[in-house]
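What follows is a short report on a single structure.
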Amino acid sequence: MTQGEKKREAHVVGAVSDFPEWSHRVVRVGRRQIGVFNIGGKLYGLPNVCPHQTGPLCEGKPPLGTLVSRAENDWRFEWVHDGEVVVCPWHGLEYHVPTGRCLAYPNINLRRYEVVVESGKVKVLL
Amino acid sequence: MAETVTKQRERKEKLEDILVVDCDVHVHESPRELIPYCEMPWRVALENIKDVQEFYLDIPGFSPGTTAYEAKFPSGQEGTRMVHSPEQMREELDEIHVDIGVLFPDHFLKIPVIAQIDYAAALARAYNAWLLDKWCDVEKGLLGCILACPQDPEDAACEIRKYAKEPGMVGVFLPCAGLERLWGHRQYDPIYKAAQEADLPVLLHSVTVIHPVFPFNTHGFETEFGRHICSHTFSMMANLVHMITTGVPVRYPNLRVAVTEAGISWVPFLMHKMDKEYVERRREVPFLEDKPSTYLKKMYFATQPVEEPENLGDLVTMMNLYDGEDNTIFASDWPHHDFDHPAKVHQVPFSNEVRRKVFGENALRLFNIDANGKRLNLQGDG
């Protein structure tokens with residue numbers, strides 16, 4: 001893992017057992033609220049603020065899948081990213097958790113916080 | 001006329017320092033809640049459905065018709081928030097910095113689709129009594145609108161007269177979803193007469209339904225996306241065109257009219273479209289004393305669901321096209337799925353003066369209330 005110019009600090013946000021697979025919860029690190037998601041055993045962190053109207057993005061339902069439609073598949077609807085798409089409970093804007101990409105507006109990319117496990121503790125790097 | 005765009009050196013006022021009057025928030029009424037307020041024999045019918053499973057804005061025999069015409073994929077946005085008590089409403093409006101909220105129903109947005117005239121009128125009477133008893137509270141900044149049942153305009157006029165002097169009632173709600181005859185029809189004159197006499201504004205509000213009347217004959221759309229747009233915005237345009245082309249603003253010159261939940265970007269379009277028609281067709285509307293846009297500009301337009309162009313300055317431009325600084329009013333539509341947080345409208349690059357007008361001062365004039373929600377048209381009544 002390459003480190004940026006600034007040294008990042010590891011903030012313990014819970015035990016590994018607090019984040020079972022396919023679960024998510026919002027943790028506080030200082031004044032920040034961060035949604036920590038366990039997607040198939042890998043941990044991801046996203047800000048709990050939707051850039052649209054500041055909704056509590058990570059406080060809703062666990063990530064689900066979503067629908068896409070592509071020319072290569074004759075524009076048939078496909079259910080994709082199962083368990084990987086978080087939806088803002090306020091207005092329904094969808095984000096792909098592993099990449100932070102907004103599905104409706106691809107120019108919007110959420111900041112992604114690195115989440116690591118060390119000695120049974122879950123830590124967010126800031 | 002004030003500068004609309006923020007002057008460079010002016011410090012932007014914070015949202016929490018501005019009076020926010022929210023012209024559209026929704027209470028949740030249910031058959032069970034209304035039973036004690038409903039007359040016989042209709043009360044028996046409400047008793048009969050009090051335990052029926054409620055879908056969002058869809059209870060058989062109460063607010064018929066579902067909005068789920070498509071495959072129901074799971075989603076993280078259920079869009080089924082409801083507010084069940086004035087305490088809950090006050091708490092939630094505090095969270096979004098709203099000082100005064102104007103109350104509309106949930107289910108009875110769809111009251112025009114009730115086929116039985118006497119039942120619809122009984123439901124409206126029960127709702128009005130319940131709203132005043134349980135929700136309207138000037139101290140809490142929760143102010144009601146009298147539901148005018150379009151199926152029975154004479155009864156609706158009686159309701160307006162009945163509540164005309166109530167400090168907690170500040171307007172008349174004209175439901176538009178599935179409306180058989182548009183609000184310009186002469187049959188509604190008793191409602192306008194009563195509202196004007198009571199100095200209460202009328203507020204049009206629609207919602208999505210599929211119903212065989214324009215613009216709700218939307219069965220051709222494959223998506224709620226399409227139906228939702230038409231059900232709100234087209235409905236407002238249709239009703240305002242009808243009201244102006246039947247002379248409502250001429251016959252009731254002191255009646256204040258507001259529209260909700262349609263955004264604002266269509267207003268310049270409608271204004272210019274009507275003025276163009278007027279060139280050729282004035283003789284069809286000979287009672288108009290001025291071009292149609294003159295009447296339209298006297299109406300009030302609620303922001304929600306506010307358009308969100310990449311350049312929010314475009315909203316200022318659109319507002320200026322209809323001289324909107326004095327007749328644009330803020331609405332959140334709390335707690336519905338497409339509510340607007342006032343922070344979004346706060347981002348629009350208005351001058352402080354125009355921002356204060358849009359967030360509160362224009363609404364105070366519309367409802368003729370002071371900044372504490374007190375009606376200013378009740379003087380001399382002891």
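The chains in the structure tokens are called A, B, ... from first to last as shown; in each chain the residues are counted from 1, and the ligands are counted from 1 in the order shown.
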
Taking only C-alpha atoms into account, what are the residues of chain A at most 6 Å from chain B, put as a short mmCIF file (atom, residue, chain, number, x, y, z; two decimals) with N, CA and C atoms, in the first residue's frame?
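The resulting part-v3.cif:
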```cif
data_model
loop_
_atom_site.label_atom_id
_atom_site.label_comp_id
_atom_site.auth_asym_id
_atom_site.auth_seq_id
_atom_site.Cartn_x
_atom_site.Cartn_y
_atom_site.Cartn_z
N LYS A 61 -31.25 1.31 3.80
CA LYS A 61 -31.20 -0.15 3.72
C LYS A 61 -29.80 -0.62 3.33
N VAL A 87 -28.42 3.24 -1.72
CA VAL A 87 -29.38 4.20 -2.25
C VAL A 87 -29.69 5.23 -1.16
N PRO A 89 -31.63 7.31 1.19
CA PRO A 89 -33.03 7.17 1.60
C PRO A 89 -33.87 8.43 1.35
N HIS A 91 -33.77 10.72 -1.53
CA HIS A 91 -34.29 10.88 -2.89
C HIS A 91 -33.93 9.76 -3.86
N GLY A 92 -33.30 8.71 -3.33
CA GLY A 92 -33.12 7.54 -4.17
C GLY A 92 -31.91 7.54 -5.10
#
```

Gln379 of chain B surroundings by only C-alpha atoms, 12 Å radius, close-in-sequence under 4 positions cut, as a CSV table (one decimal) with N, CA and C atoms, in the first residue's frame:
```csv
chain,number,residue,atom,x,y,z
B,165,LYS,N,-63.1,31.7,10.1
B,165,LYS,CA,-62.5,32.5,11.2
B,165,LYS,C,-61.6,31.8,12.1
B,167,PRO,N,-58.3,30.6,13.5
B,167,PRO,CA,-56.9,31.1,13.4
B,167,PRO,C,-55.9,30.0,12.8
B,368,ASN,N,-51.7,35.9,4.3
B,368,ASN,CA,-52.1,37.1,5.1
B,368,ASN,C,-51.9,36.8,6.6
B,369,ILE,N,-50.7,36.3,6.9
B,369,ILE,CA,-50.3,36.0,8.3
B,369,ILE,C,-49.0,36.8,8.7
B,374,LYS,N,-49.7,34.1,12.7
B,374,LYS,CA,-51.0,34.7,13.2
B,374,LYS,C,-51.7,35.3,12.0
B,375,ARG,N,-53.0,35.0,11.8
B,375,ARG,CA,-53.8,35.6,10.7
B,375,ARG,C,-54.0,37.1,10.9
```

Exercise. Hey, what's within 9 Å of Cys38 of chain B if we count only C-alpha atoms and toss same-chain stuff fewer than 4 positions away? As a VMD selection string, please?
Worked result: chain B and resid 34 42 to 43 46 122 to 123 125 to 127 129

Those same residues, written as a CSV table (one decimal), in the first residue's frame with N, CA and C atoms?
```csv
chain,number,residue,atom,x,y,z
B,34,LEU,N,-60.0,9.0,11.2
B,34,LEU,CA,-61.1,9.9,10.8
B,34,LEU,C,-62.5,9.4,11.4
B,42,TRP,N,-71.4,7.0,6.7
B,42,TRP,CA,-70.1,6.8,6.2
B,42,TRP,C,-69.1,6.3,7.2
B,43,ARG,N,-69.4,6.6,8.5
B,43,ARG,CA,-68.5,6.1,9.5
B,43,ARG,C,-68.4,4.6,9.5
B,46,LEU,N,-65.9,3.5,7.1
B,46,LEU,CA,-64.5,3.7,7.6
B,46,LEU,C,-64.2,2.6,8.6
B,122,ALA,N,-68.4,13.8,2.7
B,122,ALA,CA,-68.3,13.4,4.1
B,122,ALA,C,-66.8,13.2,4.5
B,123,LEU,N,-66.0,12.6,3.6
B,123,LEU,CA,-64.6,12.5,3.9
B,123,LEU,C,-63.9,13.8,4.1
B,125,ARG,N,-65.3,16.6,5.0
B,125,ARG,CA,-65.8,17.3,6.2
B,125,ARG,C,-65.0,16.6,7.4
B,126,ALA,N,-64.9,15.3,7.4
B,126,ALA,CA,-64.2,14.6,8.5
B,126,ALA,C,-62.8,15.0,8.6
B,127,TYR,N,-62.1,15.1,7.4
B,127,TYR,CA,-60.7,15.5,7.4
B,127,TYR,C,-60.5,16.9,7.9
B,129,ALA,N,-62.4,18.6,10.0
B,129,ALA,CA,-62.7,18.7,11.5
B,129,ALA,C,-61.5,18.0,12.2
```

Exercise. Taking only C-alpha atoms into account, which of A:Lys123, A:Lys42, A:Arg25, A:Lys6 comes nearest Val86 of chain A?
Worked result: A:Arg25

For this session: Determine which residues of segment 29-119 of chain A receive a DSSP assignment of helix (DSSP H, G or I), computed from the backbone, and state them as a list in words.
Result: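 After running DSSP on the backbone, segment 29-119 of chain A has helix (DSSP H, G or I) at Leu57, Cys58, Glu59, Ala71, Glu72 and Asn73 of chain A.
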
Problem set entry | Which of segment 51-114 of chain A DSSP labels strand (DSSP E or B), written as JSON, numbers by chain | {"A": [64, 65, 66, 67, 68, 69, 77, 78, 79, 80, 81, 82, 83, 84, 85, 86, 87, 94, 95, 96, 101, 102, 109, 113, 114]}

For this session: Write out as a PyMOL selection string which residues come within 6 Å of Glu21 of chain A when counting only C-alpha atoms, dropping same-chain ones fewer than 4 positions away.
Result: chain A and resi 38+40-41

For this session: Go ahead and compute the interatomic distance for atom CA of Glu59 of chain A and atom CA of His24 of chain A, in Å to one decimal.
Result: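 Between atom CA of Glu59 of chain A and atom CA of His24 of chain A the gap works out to 8.7 Å.
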